[in-house]
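Heads up, run_15.cif below (mmCIF, C-alpha atoms):
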```cif
data_final
#
loop_
_atom_site.label_atom_id
_atom_site.label_comp_id
_atom_site.auth_asym_id
_atom_site.auth_seq_id
_atom_site.Cartn_x
_atom_site.Cartn_y
_atom_site.Cartn_z
CA MET A 1 -12.00 32.11 -75.61
CA VAL A 2 -11.03 30.56 -72.27
CA MET A 3 -9.72 27.62 -74.28
CA GLN A 4 -7.63 29.91 -76.46
CA VAL A 5 -6.02 31.73 -73.51
CA ALA A 6 -5.44 28.39 -71.82
CA VAL A 7 -3.69 27.04 -74.93
CA ILE A 8 -1.39 30.07 -75.03
CA LEU A 9 -0.59 29.76 -71.33
CA TYR A 10 0.08 26.00 -71.52
CA VAL A 11 2.44 26.46 -74.44
CA ILE A 12 4.29 29.39 -72.82
CA LEU A 13 4.72 27.37 -69.61
CA ILE A 14 5.93 24.21 -71.35
CA ALA A 15 8.30 26.18 -73.60
CA PHE A 16 9.60 28.16 -70.62
CA LEU A 17 10.40 24.88 -68.83
CA ALA A 18 12.06 23.48 -71.97
CA GLY A 19 14.24 26.60 -72.35
CA PHE A 20 15.02 26.77 -68.63
CA ILE A 21 15.92 23.08 -68.19
CA GLY A 22 17.76 23.03 -71.53
CA SER A 23 19.95 25.99 -70.60
CA ILE A 24 20.83 24.54 -67.19
CA LEU A 25 21.65 21.10 -68.57
CA GLY A 26 23.26 22.26 -71.81
CA LEU A 27 20.57 20.63 -73.94
CA GLY A 28 18.76 22.01 -76.95
CA GLY A 29 15.18 23.02 -76.07
CA GLY A 30 13.73 20.90 -78.88
CA ALA A 31 14.54 17.60 -77.14
CA ILE A 32 12.29 18.67 -74.27
CA LEU A 33 9.74 20.82 -76.10
CA VAL A 34 8.59 18.24 -78.66
CA PRO A 35 7.67 15.41 -76.23
CA PHE A 36 6.07 17.85 -73.77
CA LEU A 37 3.91 19.54 -76.43
CA ASP A 38 3.06 16.13 -77.87
CA PHE A 39 1.92 15.09 -74.39
CA LEU A 40 -0.29 18.22 -74.17
CA ALA A 41 -1.75 17.54 -77.62
CA GLU A 42 -2.47 13.93 -76.71
CA SER A 43 -4.15 14.99 -73.50
CA GLY A 44 -6.57 17.07 -75.58
CA LEU A 45 -5.21 20.37 -74.29
CA LEU A 46 -4.07 21.43 -77.78
CA PRO A 47 -7.08 20.45 -79.91
CA GLY A 48 -6.32 19.65 -83.55
CA VAL A 49 -2.55 19.97 -83.18
CA ASN A 50 -0.48 17.17 -84.72
CA ILE A 51 3.14 16.05 -84.25
CA HIS A 52 4.20 17.66 -87.56
CA GLN A 53 3.04 21.08 -86.32
CA ILE A 54 4.87 20.48 -83.03
CA ILE A 55 8.10 19.61 -84.87
CA ALA A 56 7.71 22.73 -87.04
CA THR A 57 7.18 24.82 -83.90
CA SER A 58 10.30 23.38 -82.30
CA LEU A 59 12.33 24.10 -85.43
CA VAL A 60 11.28 27.78 -85.42
CA CYS A 61 12.16 27.91 -81.70
CA THR A 62 15.67 26.64 -82.51
CA ILE A 63 16.17 29.73 -84.72
CA ALA A 64 15.25 32.03 -81.81
CA THR A 65 17.43 30.27 -79.23
CA SER A 66 20.41 29.69 -81.52
CA SER A 67 20.31 33.28 -82.81
CA THR A 68 20.18 34.72 -79.29
CA SER A 69 23.15 32.66 -78.08
CA ASN A 70 24.99 33.06 -81.36
CA SER A 71 24.83 36.86 -81.24
CA ILE A 72 26.74 36.74 -77.93
CA TYR A 73 29.38 34.35 -79.32
CA ILE A 74 29.75 36.42 -82.51
CA GLU A 75 30.33 39.53 -80.40
CA LYS A 76 33.01 37.65 -78.44
CA ARG A 77 34.45 36.40 -81.75
CA ILE A 78 34.12 32.77 -80.74
CA THR A 79 31.79 31.75 -83.60
CA ASN A 80 33.72 30.99 -86.78
CA MET A 81 31.22 32.05 -89.43
CA ARG A 82 33.44 30.97 -92.30
CA ILE A 83 33.39 27.38 -91.05
CA GLY A 84 29.63 27.77 -90.41
CA ILE A 85 29.01 28.89 -94.00
CA PHE A 86 31.23 26.10 -95.36
CA LEU A 87 29.43 23.34 -93.44
CA GLY A 88 26.05 25.04 -93.90
CA THR A 89 26.18 24.33 -97.64
CA ILE A 90 25.55 20.63 -97.09
CA SER A 91 23.69 20.98 -93.80
CA ILE A 92 20.98 23.00 -95.61
CA LEU A 93 20.54 20.09 -98.01
CA GLY A 94 20.20 17.74 -95.03
CA ALA A 95 17.59 19.97 -93.36
CA PHE A 96 15.58 20.13 -96.59
CA THR A 97 15.73 16.34 -96.98
CA GLY A 98 14.79 15.80 -93.33
CA ALA A 99 11.83 18.19 -93.42
CA THR A 100 10.57 16.70 -96.70
CA ILE A 101 10.78 13.15 -95.32
CA SER A 102 9.18 14.22 -92.03
CA ILE A 103 6.13 15.67 -93.78
CA MET A 104 5.64 12.38 -95.62
CA LEU A 105 5.99 10.20 -92.50
CA GLN A 106 3.15 9.22 -90.21
CA GLY A 107 3.08 10.76 -86.74
CA ASN A 108 3.76 7.44 -85.02
CA ILE A 109 6.94 6.85 -86.99
CA LEU A 110 8.15 10.33 -86.01
CA ARG A 111 7.35 9.57 -82.36
CA PHE A 112 9.35 6.35 -82.62
CA LEU A 113 12.32 8.16 -84.19
CA PHE A 114 12.14 10.92 -81.59
CA GLY A 115 12.08 8.27 -78.86
CA LEU A 116 15.30 6.76 -80.27
CA LEU A 117 16.89 10.22 -80.36
CA LEU A 118 15.97 10.79 -76.71
CA ILE A 119 17.50 7.43 -75.73
CA PHE A 120 20.73 8.48 -77.48
CA THR A 121 20.64 11.89 -75.76
CA SER A 122 20.05 10.42 -72.31
CA TYR A 123 22.82 7.81 -72.91
CA ASN A 124 25.23 10.64 -73.72
CA MET A 125 24.13 12.53 -70.60
CA ILE A 126 24.62 9.51 -68.33
CA ARG A 127 27.98 8.73 -69.92
CA GLY A 128 28.97 12.36 -69.45
CA ARG A 129 31.57 12.24 -72.20
CA LYS A 130 33.23 15.51 -73.12
CA PHE A 131 34.76 15.88 -76.54
CA LYS A 132 38.36 17.04 -76.65
CA THR A 133 40.48 18.59 -79.38
CA ARG A 134 43.47 16.56 -80.57
CA LYS A 135 46.86 18.00 -79.65
CA SER A 136 48.58 17.09 -82.95
CA GLU A 137 48.41 19.46 -85.93
CA GLY A 138 47.52 16.65 -88.37
CA LYS A 139 47.79 16.83 -92.16
CA LYS A 140 47.56 20.16 -93.97
CA ASP A 141 44.03 20.79 -95.20
CA LYS A 142 43.99 22.51 -98.58
CA ILE A 143 40.33 23.60 -98.35
CA ALA A 144 40.93 25.15 -94.93
CA GLU A 145 43.93 27.03 -96.31
CA LEU A 146 42.02 28.20 -99.38
CA LEU A 147 38.93 29.41 -97.50
CA GLY A 148 40.71 30.63 -94.39
CA LEU A 149 38.91 28.17 -92.11
CA MET A 150 40.98 29.09 -89.07
CA GLY A 151 40.91 31.66 -86.32
CA GLN A 152 41.67 32.61 -82.77
CA TYR A 153 39.70 33.60 -79.70
CA TYR A 154 40.35 34.69 -76.17
CA ASP A 155 39.52 31.91 -73.71
CA GLU A 156 38.28 33.55 -70.51
CA SER A 157 38.73 30.43 -68.35
CA GLU A 158 42.28 29.74 -69.58
CA LYS A 159 43.08 33.48 -69.82
CA ARG A 160 44.93 33.15 -73.13
CA ILE A 161 44.43 33.45 -76.86
CA ILE A 162 43.78 30.11 -78.54
CA ASN A 163 44.64 29.61 -82.21
CA TYR A 164 43.04 26.86 -84.27
CA LYS A 165 42.78 25.60 -87.84
CA ALA A 166 40.14 23.28 -89.30
CA GLN A 167 41.22 19.81 -90.43
CA ASN A 168 39.50 17.02 -92.42
CA THR A 169 37.11 19.62 -93.80
CA LEU A 170 35.72 17.46 -96.63
CA LYS A 171 34.84 14.62 -94.25
CA GLY A 172 33.22 17.10 -91.86
CA LEU A 173 31.30 18.73 -94.70
CA LEU A 174 29.74 15.43 -95.76
CA LEU A 175 28.90 14.39 -92.20
CA THR A 176 27.07 17.64 -91.37
CA PHE A 177 24.41 16.48 -93.82
CA PHE A 178 23.20 14.17 -91.02
CA GLY A 179 23.00 17.04 -88.51
CA GLY A 180 20.77 18.90 -90.96
CA LEU A 181 18.76 15.77 -91.69
CA LEU A 182 18.03 15.19 -88.01
CA SER A 183 17.16 18.84 -87.54
CA GLY A 184 14.65 18.93 -90.38
CA LEU A 185 13.25 15.51 -89.57
CA LEU A 186 12.65 15.91 -85.83
CA GLY A 187 12.69 19.68 -85.23
CA ILE A 188 15.82 19.73 -83.10
CA GLY A 189 18.87 21.92 -83.59
CA GLY A 190 21.24 19.17 -84.65
CA GLY A 191 23.97 20.15 -82.19
CA VAL A 192 24.02 16.55 -80.94
CA ILE A 193 25.66 15.63 -84.29
CA ASN A 194 27.32 18.92 -85.29
CA VAL A 195 29.38 19.51 -82.13
CA PRO A 196 31.10 16.07 -82.17
CA ILE A 197 31.84 16.53 -85.90
CA LEU A 198 33.35 19.98 -85.32
CA VAL A 199 35.49 18.79 -82.41
CA ILE A 200 36.47 15.24 -83.41
CA ILE A 201 36.68 15.56 -87.21
CA LEU A 202 37.54 19.25 -87.76
CA ASN A 203 39.58 19.39 -84.54
CA LEU A 204 38.11 22.71 -83.38
CA PRO A 205 38.22 23.81 -79.72
CA PRO A 206 34.93 22.77 -78.00
CA LYS A 207 33.87 26.40 -77.39
CA VAL A 208 34.33 27.32 -81.05
CA ALA A 209 32.55 24.09 -82.03
CA SER A 210 29.48 24.87 -79.85
CA ALA A 211 29.29 28.46 -81.09
CA THR A 212 29.77 27.54 -84.76
CA SER A 213 27.20 24.77 -84.38
CA LEU A 214 24.66 27.44 -83.34
CA PHE A 215 25.31 29.25 -86.61
CA ILE A 216 24.63 26.03 -88.55
CA ILE A 217 21.51 25.34 -86.42
CA GLY A 218 20.13 28.71 -87.55
CA LEU A 219 20.59 27.77 -91.21
CA ASN A 220 18.98 24.35 -90.62
CA GLY A 221 16.07 26.02 -88.80
CA ALA A 222 15.51 28.54 -91.60
CA THR A 223 15.56 25.81 -94.27
CA GLY A 224 13.36 23.34 -92.40
CA GLY A 225 11.07 26.10 -91.11
CA THR A 226 10.46 27.37 -94.67
CA ILE A 227 9.64 23.85 -95.91
CA TYR A 228 7.17 23.28 -93.04
CA TRP A 229 5.63 26.71 -93.65
CA LEU A 230 5.16 26.00 -97.36
CA ASN A 231 3.32 22.83 -96.31
CA GLY A 232 0.99 24.79 -94.03
CA LEU A 233 2.40 23.27 -90.85
CA ILE A 234 3.40 26.48 -89.07
CA GLU A 235 0.72 27.11 -86.45
CA PRO A 236 1.04 30.75 -85.25
CA LEU A 237 -0.89 30.16 -82.05
CA LEU A 238 1.66 27.50 -81.17
CA VAL A 239 4.84 29.14 -82.48
CA ALA A 240 4.42 32.59 -80.89
CA PRO A 241 3.90 31.43 -77.27
CA ALA A 242 6.52 28.69 -77.71
CA VAL A 243 9.19 31.15 -78.88
CA ILE A 244 8.32 33.60 -76.07
CA GLY A 245 8.42 30.82 -73.45
CA ILE A 246 11.65 29.21 -74.64
CA PHE A 247 13.36 32.60 -75.08
CA PHE A 248 12.63 33.77 -71.53
CA GLY A 249 13.23 30.30 -70.05
CA ALA A 250 16.64 30.02 -71.68
CA THR A 251 17.58 33.61 -70.82
CA ILE A 252 16.68 33.25 -67.14
CA GLY A 253 18.25 29.78 -66.93
CA THR A 254 21.53 30.96 -68.47
CA LYS A 255 21.77 34.20 -66.47
CA PHE A 256 20.84 33.07 -62.99
CA PHE A 257 20.88 29.28 -62.67
CA ARG A 258 23.81 28.09 -64.78
CA ARG A 259 25.75 27.37 -61.61
CA LEU A 260 23.30 24.57 -60.87
CA ARG A 261 24.70 22.63 -63.82
CA ASN A 262 26.28 19.50 -62.40
CA GLU A 263 26.67 15.86 -63.27
CA THR A 264 24.14 14.54 -60.72
CA LEU A 265 21.41 16.84 -62.02
CA ARG A 266 22.24 15.83 -65.60
CA LYS A 267 22.04 12.14 -64.72
CA ILE A 268 18.71 12.54 -62.89
CA PHE A 269 17.26 14.33 -65.88
CA ALA A 270 18.77 11.75 -68.24
CA ILE A 271 16.73 9.06 -66.45
CA PHE A 272 13.61 11.20 -66.80
CA LEU A 273 14.39 11.68 -70.50
CA LEU A 274 14.76 7.91 -70.84
CA TYR A 275 11.27 7.52 -69.36
CA VAL A 276 9.92 10.10 -71.85
CA ALA A 277 11.67 8.23 -74.69
CA ILE A 278 10.20 4.86 -73.71
CA ARG A 279 6.77 6.48 -73.39
CA MET A 280 7.05 8.00 -76.88
CA ILE A 281 8.14 4.70 -78.41
CA TYR A 282 5.33 2.86 -76.60
CA LYS A 283 2.83 5.46 -77.87
CA ALA A 284 4.13 4.98 -81.40
CA PHE A 285 3.06 1.34 -81.35
CA TYR A 286 -0.02 1.29 -79.10
CA MET B 1 32.11 46.62 -92.55
CA ASN B 2 33.15 43.90 -90.13
CA GLU B 3 31.65 40.41 -90.22
CA TYR B 4 31.49 40.35 -86.40
CA ASN B 5 29.12 43.35 -86.35
CA LEU B 6 26.47 40.86 -87.44
CA HIS B 7 25.56 40.36 -83.77
CA LYS B 8 23.85 43.78 -83.73
CA TYR B 9 21.45 42.80 -86.50
CA ILE B 10 20.71 39.38 -84.92
CA LYS B 11 19.93 40.88 -81.51
CA THR B 12 17.65 43.53 -83.05
CA ALA B 13 15.84 40.99 -85.24
CA VAL B 14 15.20 38.56 -82.36
CA PHE B 15 13.95 41.44 -80.21
CA LEU B 16 11.64 42.53 -83.05
CA SER B 17 10.16 39.05 -83.45
CA ILE B 18 9.58 38.63 -79.71
CA SER B 19 7.91 42.07 -79.63
CA LEU B 20 5.66 41.19 -82.57
CA PHE B 21 4.68 37.92 -80.87
CA LEU B 22 3.87 39.69 -77.61
CA ILE B 23 1.79 42.35 -79.43
CA GLY B 24 0.03 39.67 -81.51
CA ILE B 25 -0.82 37.52 -78.51
CA ALA B 26 -2.00 40.53 -76.48
CA LEU B 27 -4.28 41.65 -79.33
CA MET B 28 -5.49 38.09 -79.84
CA ILE B 29 -6.54 37.79 -76.21
CA PHE B 30 -8.08 41.27 -76.33
CA ASN B 31 -10.02 40.57 -79.56
CA GLN B 32 -11.19 37.14 -78.35
CA SER B 33 -11.60 35.78 -81.85
CA TYR B 34 -8.91 33.26 -82.70
CA THR B 35 -8.55 29.53 -82.37
CA LEU B 36 -5.96 26.95 -83.39
CA ASN B 37 -5.55 26.02 -87.07
CA GLN B 38 -6.56 29.39 -88.52
CA SER B 39 -4.46 30.93 -91.24
CA ILE B 40 -4.23 33.93 -93.56
CA GLN B 41 -3.97 33.71 -97.34
CA LEU B 42 -0.71 35.11 -98.67
CA SER B 43 -2.58 37.45 -101.03
CA ASP B 44 -4.48 38.90 -98.07
CA PHE B 45 -1.48 39.13 -95.75
CA MET B 46 -0.56 42.80 -96.32
CA ASN B 47 -4.16 43.95 -96.00
CA GLN B 48 -4.60 42.06 -92.74
CA LEU B 49 -1.33 43.43 -91.44
CA LEU B 50 -2.40 46.99 -92.16
CA LEU B 51 -5.71 46.29 -90.42
CA GLY B 52 -3.78 45.16 -87.34
CA ASN B 53 -4.91 41.53 -87.51
CA PRO B 54 -3.09 39.76 -84.61
CA LEU B 55 -2.58 36.62 -86.68
CA ALA B 56 -0.88 38.68 -89.43
CA ILE B 57 1.34 40.34 -86.81
CA ILE B 58 2.41 36.93 -85.49
CA TYR B 59 3.06 35.68 -89.02
CA LEU B 60 5.28 38.73 -89.60
CA GLY B 61 7.21 37.81 -86.44
CA ILE B 62 7.68 34.23 -87.68
CA LEU B 63 8.79 35.46 -91.11
CA ASN B 64 11.28 37.84 -89.50
CA LEU B 65 12.64 35.00 -87.33
CA ILE B 66 13.07 32.62 -90.27
CA LEU B 67 14.78 35.36 -92.26
CA ILE B 68 17.47 35.98 -89.58
CA PRO B 69 19.90 33.25 -90.78
CA ILE B 70 19.20 34.10 -94.43
CA VAL B 71 19.75 37.85 -94.00
CA SER B 72 22.88 36.99 -91.96
CA LEU B 73 24.28 35.19 -95.00
CA PHE B 74 23.62 38.24 -97.20
CA TYR B 75 25.23 40.49 -94.58
CA LEU B 76 28.31 38.26 -94.46
CA GLU B 77 28.49 38.18 -98.25
CA ILE B 78 28.68 41.98 -98.34
CA ALA B 79 31.27 41.96 -95.54
CA TYR B 80 33.47 39.45 -97.38
CA ILE B 81 33.18 41.40 -100.63
CA ALA B 82 34.24 44.53 -98.72
CA GLU B 83 37.20 42.53 -97.34
CA LYS B 84 37.97 41.49 -100.94
CA ASP B 85 38.07 37.85 -99.86
CA LYS B 86 37.05 36.20 -103.13
CA ASN B 87 37.07 32.56 -102.02
CA ILE B 88 34.84 32.93 -98.98
CA SER B 89 32.47 35.33 -100.76
CA LEU B 90 32.09 32.75 -103.53
CA LEU B 91 31.38 30.07 -100.95
CA THR B 92 28.78 32.32 -99.30
CA ILE B 93 27.07 32.76 -102.68
CA ILE B 94 27.04 28.97 -103.08
CA THR B 95 25.42 28.56 -99.62
CA ILE B 96 22.80 31.24 -100.38
CA SER B 97 22.14 29.57 -103.76
CA MET B 98 21.74 26.20 -102.05
CA LEU B 99 19.10 27.70 -99.77
CA ILE B 100 17.24 29.23 -102.72
CA ILE B 101 17.52 26.01 -104.75
CA VAL B 102 15.99 23.78 -102.04
CA ILE B 103 13.08 26.20 -101.60
CA MET B 104 12.56 26.30 -105.39
CA ILE B 105 12.66 22.48 -105.51
CA ARG B 106 9.93 22.39 -102.85
CA LEU B 107 7.81 24.93 -104.77
CA ILE B 108 8.22 23.22 -108.15
CA LEU B 109 8.20 19.52 -107.30
CA PHE B 110 5.90 19.09 -104.30
#
```

Hey, can you dump this file as structure tokens for me?
Amino acid sequence: MVMQVAVILYVILIAFLAGFIGSILGLGGGAILVPFLDFLAESGLLPGVNIHQIIATSLVCTIATSSTSNSIYIEKRITNMRIGIFLGTISILGAFTGATISIMLQGNILRFLFGLLLIFTSYNMIRGRKFKTRKSEGKKDKIAELLGLMGQYYDESEKRIINYKAQNTLKGLLLTFFGGLLSGLLGIGGGVINVPILVIILNLPPKVASATSLFIIGLNGATGGTIYWLNGLIEPLLVAPAVIGIFFGATIGTKFFRRLRNETLRKIFAIFLLYVAIRMIYKAFY
Amino acid sequence: MNEYNLHKYIKTAVFLSISLFLIGIALMIFNQSYTLNQSIQLSDFMNQLLLGNPLAIIYLGILNLILIPIVSLFYLEIAYIAEKDKNISLLTIITISMLIIVIMIRLILF
């Protein structure tokens, strides 16, 4: 009994930290949650829990966090759901492929892949690159015209209405497969791939790209989550406290501590993430 | 029916899942009878839920959470049909079909 309560408390605490840190640094919670829970499991604090269950837990958490944020962006009319549905068609296929491959892979291979992902994430954080929309209109996109993949939103910081229209939609559609793949494979949202595609390829404003990416993350999470569930890898005693922890962590982080977000903090955490990545890769081999 | 009213459903559904998780965990601690790696058979799920089994309550919360993006697609489909936007409603049907197809593939092949 004491063990059971302790497990719940550990998971809530770890997930709270993941949601809190993630919201301050603009990271998805999964990148933090998976290595931390894996560390707990390895320390014997989560008896019988394997990396596949942890990835499944993280994927279900991405549905909760993306849905919460997305509901705010939908209300503000920043999310473009038409573009989300369009890209979701292939992203779902990617998430299914990723989850199916993940279930077949050994835990150590998944740790190695997750380590590589963390190195990439920390490199991006250190580099601090921000994606920008191209100024030029570019070629006319027939698919965008046909499906009405365009829109406008009120930008509060610029205090003006911004109009936009999707470009290179076919290229973007094919590339979002990889966002879904990564999401299903490693239990992350996939924003690390989706946002650059939406900004660089489809030429969407960064705010619309982030919000629309959340919509796609939800679809990836639902697809991958279902596949993991059908394989018996959804552990309720892990998922419930993780969702509660990450939900409250992200809510508190966003509401009260977002001002703390700065480049120095991001770089310090990037170095920590690099350490976590190296540790995961080392663990995969030894 | 406006597509942007979807936010109301999403907020309610997330709140419902969180509530179910909190109730489930509270009952679990109170009942003192659950450990990791326990599950409920699908055929027994409704019975257990009616009996107030904490594990069944948590499973319902997870199911509700996973259904949010799927129900959202159905909601949007109805909204686009109401708007008489044929192209996007067709695309939404394709996306919903894709979701159903991958789940069917998993059930049939693996």

**Item:** Expected residue set, 10 Å radius at (18.1, 12.7, -67.5), all atoms listed in the file, as a list in words
**Value:**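 Taken together, the residues in range are Leu25, Leu118, Ile119, Thr121, Ser122, Tyr123, Asn124, Met125, Ile126, Thr264, Leu265, Arg266, Lys267, Ile268, Phe269, Ala270, Ile271, Phe272, Leu273, Leu274, Tyr275 and Val276 of chain A.
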
**Message:** Give me the residues near Ile96 in chain B as a ChimeraX atom specification, where near means some atom within 8 Å (using all atoms listed in the file) and where sequence neighbours in that chain fewer than 2 positions away do not count.
**Reply:** /B:70,73-74,92-94,98-100

Per residue of chain A within 7 Å of chain B, what are the shortest atom pair and its distance in Å to one decimal, counting only C-alpha atoms, with rows by chain and residue number, as a Markdown table?
```
| residue | atom | partner | partner_atom | distance |
| --- | --- | --- | --- | --- |
| A:Met1 | CA | B:Gln32 | CA | 5.8 |
| A:Gln4 | CA | B:Thr35 | CA | 6.0 |
| A:Val5 | CA | B:Ile29 | CA | 6.7 |
| A:Ile63 | CA | B:Leu65 | CA | 6.9 |
| A:Ala64 | CA | B:Val14 | CA | 6.6 |
| A:Ser67 | CA | B:Ile10 | CA | 6.5 |
| A:Thr68 | CA | B:Lys11 | CA | 6.6 |
| A:Ser71 | CA | B:His7 | CA | 4.4 |
| A:Ile72 | CA | B:His7 | CA | 7.0 |
| A:Ile74 | CA | B:Tyr4 | CA | 5.8 |
| A:Glu75 | CA | B:His7 | CA | 5.9 |
| A:Arg77 | CA | B:Tyr4 | CA | 6.8 |
| A:Ile85 | CA | B:Thr92 | CA | 6.3 |
| A:Phe86 | CA | B:Leu91 | CA | 6.9 |
| A:Gly88 | CA | B:Thr95 | CA | 6.7 |
| A:Thr89 | CA | B:Thr95 | CA | 4.7 |
| A:Ile92 | CA | B:Leu99 | CA | 6.6 |
| A:Phe96 | CA | B:Val102 | CA | 6.6 |
| A:Leu147 | CA | B:Ile88 | CA | 5.6 |
| A:Gly218 | CA | B:Pro69 | CA | 5.6 |
| A:Leu219 | CA | B:Pro69 | CA | 5.5 |
| A:Ala222 | CA | B:Ile66 | CA | 4.9 |
| A:Thr223 | CA | B:Leu99 | CA | 6.8 |
| A:Gly225 | CA | B:Ile66 | CA | 6.9 |
| A:Glu235 | CA | B:Asn37 | CA | 6.4 |
| A:Pro236 | CA | B:Ile58 | CA | 6.3 |
| A:Leu237 | CA | B:Leu36 | CA | 6.1 |
| A:Ala240 | CA | B:Phe21 | CA | 5.3 |
| A:Ile244 | CA | B:Ile18 | CA | 6.3 |
```

**Asked** Quick one, how far is CA of Thr57 in chain A from CA of Leu233 in chain A?
**Response** 8.6 Å

Axis-aligned box for all listed atoms of range 26-34 of chain A, 3 Å per side, centre and edges in Å to one decimal, as JSON:
```
{"center_x": 15.9, "center_y": 20.3, "center_z": -75.3, "size_x": 20.7, "size_y": 11.4, "size_z": 13.1}
```
